[in-house]
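J.: Please find upload-v2.cif (mmCIF, C-alpha atoms) on the next line:
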```
data_start
#
loop_
_atom_site.label_atom_id
_atom_site.label_comp_id
_atom_site.auth_asym_id
_atom_site.auth_seq_id
_atom_site.Cartn_x
_atom_site.Cartn_y
_atom_site.Cartn_z
CA MET A 1 -119.48 47.19 64.21
CA ASP A 2 -120.12 46.57 67.90
CA ASP A 3 -116.85 47.00 69.81
CA ARG A 4 -117.94 44.31 72.26
CA GLY A 5 -117.81 41.67 69.52
CA GLU A 6 -114.73 40.11 68.02
CA ILE A 7 -113.46 38.71 64.75
CA LEU A 8 -112.87 34.98 65.28
CA SER A 9 -111.70 34.10 61.80
CA SER A 10 -110.45 35.98 58.76
CA ARG A 11 -109.17 34.92 55.36
CA ASP A 12 -108.31 36.80 52.19
CA VAL A 13 -110.24 36.03 49.03
CA ASP A 14 -107.76 38.04 46.96
CA GLU A 15 -105.94 41.38 47.13
CA ASN A 16 -109.27 43.24 47.18
CA VAL A 17 -111.41 41.55 49.81
CA ALA A 18 -111.25 39.38 52.93
CA LEU A 19 -114.11 37.49 54.56
CA GLN A 20 -114.39 37.33 58.34
CA ILE A 21 -116.66 35.90 61.03
CA TRP A 22 -117.69 38.29 63.79
CA THR A 23 -119.61 37.41 66.92
CA LYS A 24 -120.32 38.52 70.44
CA GLY A 25 -121.21 35.06 71.68
CA GLN A 26 -124.43 34.47 69.78
CA SER A 27 -125.33 34.08 66.11
CA PRO A 28 -122.30 35.11 64.03
CA ARG A 29 -122.20 37.58 61.19
CA LEU A 30 -120.26 37.43 57.96
CA VAL A 31 -118.01 40.45 57.52
CA VAL A 32 -116.99 41.62 54.06
CA PHE A 33 -113.76 43.58 54.48
CA ASN A 34 -112.97 45.76 51.48
CA LYS A 35 -109.20 46.14 51.65
CA ASN A 36 -109.26 48.85 49.00
CA GLN A 37 -111.54 51.11 51.06
CA ASN A 38 -110.60 49.79 54.53
CA SER A 39 -114.32 49.31 55.21
CA ARG A 40 -116.39 46.49 56.66
CA LYS A 41 -119.96 45.38 56.12
CA LEU A 42 -121.83 42.94 58.40
CA ILE A 43 -124.17 40.42 56.73
CA ARG A 44 -126.35 37.71 58.25
CA LEU A 45 -125.51 34.26 56.97
CA ASN A 46 -128.96 33.85 55.42
CA TRP A 47 -127.59 36.08 52.63
CA LEU A 48 -125.67 33.00 51.43
CA GLU A 49 -128.80 30.98 50.67
CA ARG A 50 -129.43 32.57 47.28
CA SER A 51 -127.09 30.69 44.94
CA ASP A 52 -127.40 33.47 42.35
CA ARG A 53 -126.03 36.10 44.74
CA LYS A 54 -123.14 38.26 43.61
CA LEU A 55 -120.80 40.22 45.84
CA SER A 56 -119.71 43.52 44.34
CA ILE A 57 -117.20 45.81 46.06
CA LYS A 58 -115.52 49.07 45.13
CA GLY A 59 -112.12 48.73 43.50
CA LYS A 60 -108.97 50.77 43.98
CA LYS A 61 -109.81 53.25 41.23
CA ARG A 62 -112.80 55.56 41.15
CA GLY A 63 -115.74 53.88 39.44
CA GLU A 64 -114.04 50.49 39.45
CA SER A 65 -115.77 47.46 41.02
CA VAL A 66 -114.84 43.86 41.65
CA GLU A 67 -117.52 41.15 41.48
CA PHE A 68 -117.66 37.62 42.87
CA VAL A 69 -120.26 34.87 42.59
CA LEU A 70 -120.91 32.67 45.62
CA ALA A 71 -119.14 29.69 44.10
CA ASP A 72 -115.93 31.77 44.05
CA LEU A 73 -116.29 32.46 47.77
CA LEU A 74 -117.26 28.96 48.95
CA PRO A 75 -113.75 27.69 49.89
CA THR A 76 -113.09 30.85 51.92
CA LEU A 77 -116.47 30.65 53.62
CA GLN A 78 -115.94 26.99 54.51
CA HIS A 79 -112.56 27.82 56.05
CA ILE A 80 -113.67 30.73 58.23
CA LEU A 81 -116.84 28.97 59.41
CA SER A 82 -114.86 25.86 60.34
CA GLU A 83 -112.39 27.99 62.27
CA TYR A 84 -115.23 29.84 63.99
CA ALA A 85 -116.76 26.52 65.10
CA VAL A 86 -113.49 25.56 66.79
CA LEU A 87 -112.81 28.93 68.46
CA SER A 88 -116.36 29.64 69.69
CA ALA A 89 -118.89 27.85 71.89
CA PHE A 90 -120.72 26.66 68.77
CA LYS A 91 -120.12 22.91 69.03
CA PRO A 92 -121.38 22.37 72.62
CA ARG A 93 -124.31 24.66 71.89
CA LEU A 94 -125.12 22.69 68.73
CA TRP A 95 -125.14 19.42 70.69
CA LYS A 96 -127.52 20.81 73.31
CA PHE A 97 -129.80 22.59 70.86
CA SER A 98 -130.01 19.57 68.53
CA LEU A 99 -131.37 17.48 71.41
CA THR A 100 -133.91 20.14 72.38
CA LEU A 101 -135.02 20.59 68.78
CA GLU A 102 -135.27 16.85 68.15
CA LYS A 103 -137.54 16.40 71.17
CA ALA A 104 -139.79 19.22 70.05
CA LEU A 105 -140.06 17.71 66.56
CA HIS A 106 -141.02 14.29 67.92
CA THR A 107 -143.63 15.45 70.44
CA PRO A 108 -146.61 13.10 69.96
CA ALA A 109 -150.17 14.26 69.36
CA ILE A 110 -152.54 12.73 71.90
CA VAL A 111 -155.72 11.03 70.65
CA THR A 112 -158.27 9.70 73.14
CA GLU A 113 -161.38 9.15 70.97
CA LYS A 114 -161.59 6.61 68.13
CA GLY A 115 -163.70 8.97 66.05
CA GLU A 116 -160.91 11.53 66.07
CA LEU A 117 -158.56 9.15 64.25
CA SER A 118 -160.64 9.41 61.08
CA LEU A 119 -160.88 13.22 61.21
CA LEU A 120 -157.72 14.52 62.84
CA PRO A 121 -157.38 18.30 63.08
CA GLU A 122 -154.54 19.86 61.15
CA GLU A 123 -152.25 20.38 64.15
CA LYS A 124 -152.37 16.65 64.92
CA ARG A 125 -151.93 15.64 61.27
CA ALA A 126 -148.74 17.70 61.37
CA ALA A 127 -147.25 15.45 64.07
CA LEU A 128 -144.89 12.53 63.44
CA TRP A 129 -146.34 10.41 66.26
CA LEU A 130 -149.75 9.73 67.73
CA ALA A 131 -150.17 8.75 71.35
CA ASP A 132 -153.18 6.49 70.74
CA LEU A 133 -155.22 6.07 73.94
CA THR A 134 -158.43 4.98 72.22
CA ASP A 135 -158.57 1.31 73.25
CA GLY A 136 -160.79 2.00 76.25
CA LYS A 137 -158.31 1.12 78.98
CA ARG A 138 -157.62 4.18 81.05
CA GLY A 139 -154.08 5.48 80.59
CA GLU A 140 -153.03 2.66 78.24
CA GLY A 141 -152.37 2.62 74.51
CA PHE A 142 -149.59 2.80 71.95
CA PHE A 143 -147.28 5.29 70.29
CA ARG A 144 -148.07 5.00 66.58
CA PRO A 145 -145.94 6.38 63.72
CA PHE A 146 -147.70 8.89 61.48
CA PHE A 147 -145.30 8.32 58.58
CA PRO A 148 -144.67 5.42 56.18
CA LEU A 149 -142.02 2.95 57.26
CA ALA A 150 -139.31 1.48 55.06
CA ASP A 151 -138.61 -2.23 55.55
CA ALA A 152 -135.52 -1.56 57.68
CA GLU A 153 -137.42 0.91 59.86
CA ARG A 154 -140.31 -1.50 60.35
CA LYS A 155 -137.93 -3.98 62.00
CA ALA A 156 -137.22 -1.42 64.72
CA PHE A 157 -140.76 -1.83 66.02
CA SER A 158 -141.53 -4.90 68.10
CA GLU A 159 -144.68 -6.88 67.35
CA GLU A 160 -146.50 -5.40 70.32
CA GLY A 161 -145.65 -1.87 69.20
CA LEU A 162 -144.63 0.92 71.56
CA PRO A 163 -146.92 0.54 74.57
CA ILE A 164 -148.17 3.38 76.75
CA ALA A 165 -148.96 2.62 80.40
CA ASP A 166 -150.06 4.81 83.31
CA ASN A 167 -150.57 7.77 80.99
CA HIS A 168 -146.85 7.93 80.12
CA ARG A 169 -147.74 9.42 76.76
CA GLY A 170 -145.44 12.42 76.38
CA MET A 171 -142.33 13.20 74.43
CA GLU A 172 -139.92 12.00 77.14
CA ASP A 173 -141.83 8.72 77.35
CA LEU A 174 -141.52 8.23 73.58
CA PHE A 175 -137.76 8.84 73.74
CA LYS A 176 -137.37 6.32 76.57
CA THR A 177 -138.52 3.59 74.17
CA GLY A 178 -135.32 4.17 72.15
CA ILE A 179 -137.22 4.29 68.86
CA VAL A 180 -135.98 7.74 67.80
CA ARG A 181 -132.35 6.68 68.19
CA LYS A 182 -132.99 3.44 66.31
CA LEU A 183 -134.55 5.28 63.39
CA ALA A 184 -131.66 7.77 63.29
CA SER A 185 -129.13 4.96 63.10
CA LEU A 186 -131.06 3.08 60.42
CA ARG A 187 -131.66 6.04 58.08
CA PRO A 188 -129.57 9.02 59.18
CA ASP A 189 -130.34 10.91 55.96
CA ARG A 190 -134.01 10.88 56.94
CA TRP A 191 -133.81 11.32 60.71
CA TYR A 192 -130.40 12.53 61.93
CA ARG A 193 -128.94 14.72 59.19
CA PRO A 194 -131.90 17.14 58.76
CA VAL A 195 -132.23 17.82 62.49
CA ARG A 196 -128.50 18.48 62.76
CA VAL A 197 -128.57 20.86 59.78
CA MET A 198 -131.68 22.63 61.13
CA ALA A 199 -130.03 23.21 64.50
CA ALA A 200 -126.79 24.46 62.94
CA ALA A 201 -128.65 26.73 60.51
CA ILE A 202 -130.68 28.35 63.30
CA LEU A 203 -127.67 28.93 65.55
CA LEU A 204 -125.65 30.38 62.68
CA GLY A 205 -128.41 32.74 61.57
CA PHE A 206 -129.55 31.17 58.32
CA SER A 207 -133.24 31.42 57.40
CA PHE A 208 -135.97 29.14 58.74
CA CYS A 209 -136.47 27.74 55.21
CA GLU A 210 -138.09 30.69 53.44
CA GLU A 211 -138.95 32.41 56.73
CA ASP A 212 -136.85 35.13 58.33
CA GLY A 213 -136.00 33.92 61.82
CA SER A 214 -133.27 36.46 62.50
CA GLU A 215 -135.22 38.04 65.38
CA VAL A 216 -135.04 34.86 67.44
CA CYS A 217 -131.79 33.16 66.33
CA ASP A 218 -129.78 34.70 69.16
CA ALA A 219 -132.32 33.45 71.70
CA PHE A 220 -131.39 29.83 71.02
CA TRP A 221 -127.91 30.52 72.42
CA ASP A 222 -129.35 31.36 75.84
CA ASP A 223 -130.48 28.53 78.13
CA ASP A 224 -132.66 30.95 80.10
CA VAL A 225 -134.87 31.76 77.09
CA LEU A 226 -134.39 28.66 74.90
CA LEU A 227 -137.46 26.73 76.04
CA SER A 228 -139.67 29.83 75.94
CA LYS A 229 -138.74 30.35 72.27
CA ILE A 230 -139.09 26.74 71.12
CA ASN A 231 -142.76 27.43 70.32
CA ASP A 232 -142.01 30.50 68.21
CA PRO A 233 -144.40 30.41 65.20
CA ARG A 234 -141.53 30.59 62.70
CA LEU A 235 -139.76 27.64 64.31
CA MET A 236 -143.02 25.68 64.46
CA GLY A 237 -143.51 26.39 60.75
CA LEU A 238 -140.05 25.01 60.07
CA GLY A 239 -140.96 21.95 62.17
CA ARG A 240 -143.99 21.31 59.98
CA LYS A 241 -141.79 21.35 56.91
CA PHE A 242 -139.55 18.80 58.61
CA VAL A 243 -142.60 16.59 59.22
CA GLY A 244 -143.51 16.80 55.53
CA PHE A 245 -139.90 15.98 54.64
CA VAL A 246 -139.92 12.86 56.84
CA ARG A 247 -143.39 11.70 55.83
CA HIS A 248 -142.79 12.09 52.10
CA PHE A 249 -139.06 11.37 52.18
CA ASP A 250 -139.12 8.62 49.56
CA ALA A 251 -141.04 10.83 47.12
CA LEU A 252 -138.61 13.74 47.12
CA ASP A 253 -136.16 12.32 44.57
CA ARG A 254 -139.10 11.77 42.23
CA MET A 255 -140.18 15.43 42.42
CA THR A 256 -138.83 18.44 40.56
CA ALA A 257 -139.32 22.07 41.53
CA ALA A 258 -138.84 25.06 39.23
CA VAL A 259 -139.90 28.66 38.70
CA SER A 260 -141.77 29.75 35.58
CA GLN A 261 -143.02 33.08 34.30
CA ASP A 262 -146.10 31.33 32.85
CA SER A 263 -146.65 27.84 34.26
CA VAL A 264 -149.70 27.08 32.10
CA GLU A 265 -147.92 27.90 28.85
CA ASP A 266 -144.72 26.12 29.83
CA LEU A 267 -146.48 22.95 30.98
CA GLN A 268 -148.70 22.81 27.92
CA LYS A 269 -145.56 22.99 25.77
CA GLU A 270 -144.43 19.88 27.63
CA LYS A 271 -147.72 18.19 26.65
CA TYR A 272 -149.41 18.48 30.03
CA ALA A 273 -153.19 18.95 30.00
CA ARG A 274 -155.08 21.03 32.57
CA LYS A 275 -157.39 19.00 34.82
CA ARG A 276 -158.61 21.19 37.67
CA ARG A 277 -157.78 24.25 39.73
CA ILE A 278 -158.10 25.08 43.40
CA GLU A 279 -157.64 28.35 45.28
CA VAL A 280 -155.24 27.94 48.19
CA PRO A 281 -155.52 30.30 51.19
CA VAL A 282 -152.64 32.17 52.80
CA GLY A 283 -150.40 29.89 54.84
CA PHE A 284 -150.69 26.68 52.85
CA LEU A 285 -148.09 27.39 50.17
CA GLY A 286 -146.68 30.68 51.37
CA ASP A 287 -147.38 34.15 52.66
CA VAL A 288 -150.01 34.92 49.97
CA GLU A 289 -152.93 33.15 48.31
CA TYR A 290 -152.17 30.87 45.37
CA SER A 291 -154.14 29.56 42.44
CA VAL A 292 -152.99 25.97 41.89
CA THR A 293 -153.69 24.20 38.60
CA PHE A 294 -153.33 20.42 38.35
CA PHE A 295 -152.00 18.99 35.09
CA ASP A 296 -151.69 15.40 33.86
CA ARG A 297 -149.70 13.90 31.02
CA GLU A 298 -150.24 10.67 29.10
CA ASP A 299 -147.02 9.15 30.44
CA GLY A 300 -148.39 9.18 34.02
CA MET A 301 -146.82 12.43 35.18
CA THR A 302 -148.60 15.09 37.22
CA ALA A 303 -147.69 18.77 37.48
CA LEU A 304 -148.76 21.63 39.72
CA GLY A 305 -148.69 25.21 38.48
CA CYS A 306 -148.79 27.50 41.52
CA ARG A 307 -149.50 31.14 40.72
CA PRO A 308 -149.30 33.64 43.61
CA LYS A 309 -152.26 36.01 43.69
CA ALA A 310 -150.15 38.80 45.20
CA SER A 311 -146.49 39.71 45.20
CA THR A 312 -144.20 37.61 47.39
CA LEU A 313 -140.51 37.94 48.22
CA ARG A 314 -140.06 34.17 48.40
CA HIS A 315 -139.73 33.62 44.67
CA LYS A 316 -140.10 35.31 41.30
CA GLY A 317 -142.79 34.11 38.92
CA GLU A 318 -144.84 30.95 39.44
CA LEU A 319 -143.85 27.70 41.14
CA VAL A 320 -143.98 24.46 39.16
CA TYR A 321 -143.77 20.97 40.65
CA THR A 322 -143.73 17.73 38.65
CA PHE A 323 -143.87 14.12 39.85
CA PRO A 324 -145.34 10.73 38.88
CA SER A 325 -149.09 10.60 39.51
CA ASP A 326 -148.75 7.82 42.09
CA VAL A 327 -146.65 10.14 44.29
CA TYR A 328 -149.62 12.44 44.88
CA GLU A 329 -152.07 9.61 45.50
CA ARG A 330 -149.76 8.02 48.04
CA ALA A 331 -149.14 11.39 49.69
CA LEU A 332 -152.88 11.91 50.15
CA ASN A 333 -153.12 8.54 51.91
CA ASP A 334 -150.03 9.08 54.06
CA ASP A 335 -151.35 12.44 55.25
CA ALA A 336 -154.82 11.08 55.99
CA ARG A 337 -153.86 7.98 58.01
CA GLY A 338 -157.08 6.21 57.19
CA GLY A 339 -159.23 9.33 57.38
CA ALA A 340 -160.47 11.71 54.71
CA SER A 341 -157.84 13.01 52.30
CA ASP A 342 -157.26 16.77 52.08
CA ASP A 343 -155.84 18.39 48.92
CA TYR A 344 -154.88 21.57 50.75
CA PHE A 345 -152.95 19.82 53.51
CA THR A 346 -151.15 17.46 51.14
CA LEU A 347 -150.23 20.30 48.80
CA MET A 348 -148.67 22.07 51.76
CA GLN A 349 -146.88 18.93 52.95
CA LEU A 350 -145.46 17.91 49.57
CA THR A 351 -144.35 21.36 48.42
CA SER A 352 -142.89 22.35 51.78
CA ALA A 353 -141.10 18.98 51.99
CA LYS A 354 -139.42 19.70 48.66
CA ALA A 355 -138.55 23.24 49.74
CA PHE A 356 -137.10 21.90 53.02
CA SER A 357 -135.02 19.32 51.16
CA MET A 358 -133.61 21.98 48.83
CA TRP A 359 -132.93 24.30 51.80
CA ILE A 360 -130.99 21.56 53.60
CA ASP A 361 -128.94 20.78 50.49
CA GLY A 362 -128.14 24.47 50.05
CA ILE A 363 -126.78 24.90 53.59
CA VAL A 364 -124.79 21.66 53.85
CA PRO A 365 -121.79 22.86 51.76
CA TYR A 366 -121.12 25.63 54.29
CA ILE A 367 -121.26 23.45 57.42
CA THR A 368 -120.42 19.87 56.48
CA SER A 369 -116.79 20.03 57.68
CA PHE A 370 -117.67 20.91 61.28
CA VAL A 371 -121.26 19.83 62.03
CA GLY A 372 -120.75 16.06 61.84
CA LEU A 373 -123.33 14.78 59.38
CA MET A 374 -123.78 11.02 59.23
CA GLN A 375 -124.72 9.66 55.82
#
```
If you took the structure in this file and wrote it as structure tokens, what would it be?
T.:
Amino acid sequence: MDDRGEILSSRDVDENVALQIWTKGQSPRLVVFNKNQNSRKLIRLNWLERSDRKLSIKGKKRGESVEFVLADLLPTLQHILSEYAVLSAFKPRLWKFSLTLEKALHTPAIVTEKGELSLLPEEKRAALWLADLTDGKRGEGFFRPFFPLADAERKAFSEEGLPIADNHRGMEDLFKTGIVRKLASLRPDRWYRPVRVMAAAILLGFSFCEEDGSEVCDAFWDDDVLLSKINDPRLMGLGRKFVGFVRHFDALDRMTAAVSQDSVEDLQKEKYARKRRIEVPVGFLGDVEYSVTFFDREDGMTALGCRPKASTLRHKGELVYTFPSDVYERALNDDARGGASDDYFTLMQLTSAKAFSMWIDGIVPYITSFVGLMQ
């Protein structure tokens, strides 16, 4: 361990092991202290994201070992992380970073030609807002939401919309309208909670939702490098998953995600019938190519069997998603915004939205007592 760092919190699990939080002012590390061997091991907090993890340490006697599952360690982890948050600079840093991250996530895509609205490039389809300057009046237009609105959210928009004047079309201009704060107060589980969890997860050294962001986590503690790292590709990839989560928020509870060793066989046993297959390039579903088979069932359910065409560390076996057929049709429309639908883009949006939702839910138990999550 680095002598310049310090242990900010420590708590015994039992007579064999204690868990500690070590830091030197940036992303903390979990320390497993084997009291039998008087030895310590540093672990990044992203190790906690696998719910099937087991911690095995050497016992007092030769050849003896003691094993714990994560559920056994959760109360201890919650205690030491809560204590760390009080004793470190975590809380003020979280407040500042949450604001910076929120602004980056809500940066509008600028559209100046009407024809572009029907054929938006992927980077603009992955934005939550469009700065629409297509009405012909120089420097004037409207901020338009690129996500479906619930009834309560629709009331937050005045009849004239969110006007743009004098080319005030940027992120700061959008925030000055107050719309982001209104949305967060109306549906915090959609708008406030995920940003807060994202910011906490990054500062604490969790993953970037299936991506290893450990190389840049410490950078977000430093004001001098924060803005230069906000466009890191891994963070931008996480931002796109957040966009999918927001855009398809009301579909997520209707979706299931699972892993199968043979998705075709398993789905056919559940009376799904194969309809079509597409080959998905690297980057749409993960770090390898996938072969995705669409299945339908007579009761109106749709399933996706996603077979990786090369080995990946992100999961074992094949991914399987199921949802009512209308979920996919609506998702195609919501991602197109009046333009041409795109199977590849919507597959990426829906599956990454589900992965993001599961990632958030997996981290919340560790941080809920000290992050301040509105429901």
J.: I'd like the contact shell of Ser9 of chain A - 7 Å cut-off, all atoms listed in the file, skipping same-chain residues fewer than 2 positions apart - returned as an NGL selection string.
T.: :A and (7 or 11 or 20-21 or 80 or 83-84)
J.: Tell me which residues the PyMOL selection byres ((chain A and resi 19) around 8) grabs here, as a PyMOL selection string.
T.: chain A and resi 10-13+17-18+20-21+30-33+76-77+80
J.: Report as a tab-separated table (two decimals) with C-alpha atoms, keeping the file's coordinate frame all protein, DNA and RNA residues lying within 12 Å of Arg154 of chain A, evaluated on all atoms listed in the file, omitting residues in the same chain fewer than 6 positions from it.
T.:
```
chain	number	residue	atom	x	y	z
A	144	ARG	CA	-148.07	5.00	66.58
A	145	PRO	CA	-145.94	6.38	63.72
A	147	PHE	CA	-145.30	8.32	58.58
A	148	PRO	CA	-144.67	5.42	56.18
A	161	GLY	CA	-145.65	-1.87	69.20
A	179	ILE	CA	-137.22	4.29	68.86
A	182	LYS	CA	-132.99	3.44	66.31
A	183	LEU	CA	-134.55	5.28	63.39
A	186	LEU	CA	-131.06	3.08	60.42
A	187	ARG	CA	-131.66	6.04	58.08
```
J.: Restricting the calculation to only C-alpha atoms: of A:Arg297, A:Arg254, A:His248, A:Lys24, which residue gets closest to Phe356 of chain A?
T.: A:His248
J.: I'd like to know which of A:Phe323, A:Tyr366, A:Tyr344, A:Phe206 is closest to Glu279 of chain A, using all atoms listed in the file.
T.: A:Tyr344
J.: Determine the nearest neighbour of Lys354 of chain A from the options A:Phe245, A:Trp95, A:Phe208, A:Tyr290, counting all atoms listed in the file.
T.: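 With all atoms listed in the file as the atom set, the closest residue is A:Phe245.
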J.: From the options A:Asp361, A:Glu64, A:Asp342, A:Asp52, which residue's atoms come nearest to Met198 of chain A, counting all atoms listed in the file?
T.: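 The closest residue to Met198 of chain A is A:Asp361.
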J.: With all atoms listed in the file as the counted atoms, please give the residues lying no more than 10 Å from Lys103 of chain A, apart from itself and same-chain residues fewer than 5 positions off, as a PDB file with C-alpha atoms, keeping the file's coordinate frame.
T.:
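The result, written out as out-v7.pdb:
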```pdb
ATOM      1  CA  PHE A  97    -129.800  22.590  70.860  1.00  0.00           C
ATOM      2  CA  SER A  98    -130.010  19.570  68.530  1.00  0.00           C
ATOM      3  CA  PRO A 108    -146.610  13.100  69.960  1.00  0.00           C
ATOM      4  CA  MET A 171    -142.330  13.200  74.430  1.00  0.00           C
ATOM      5  CA  GLU A 172    -139.920  12.000  77.140  1.00  0.00           C
ATOM      6  CA  LEU A 174    -141.520   8.230  73.580  1.00  0.00           C
ATOM      7  CA  PHE A 175    -137.760   8.840  73.740  1.00  0.00           C
ATOM      8  CA  VAL A 180    -135.980   7.740  67.800  1.00  0.00           C
TER       9      VAL A 180
END
```
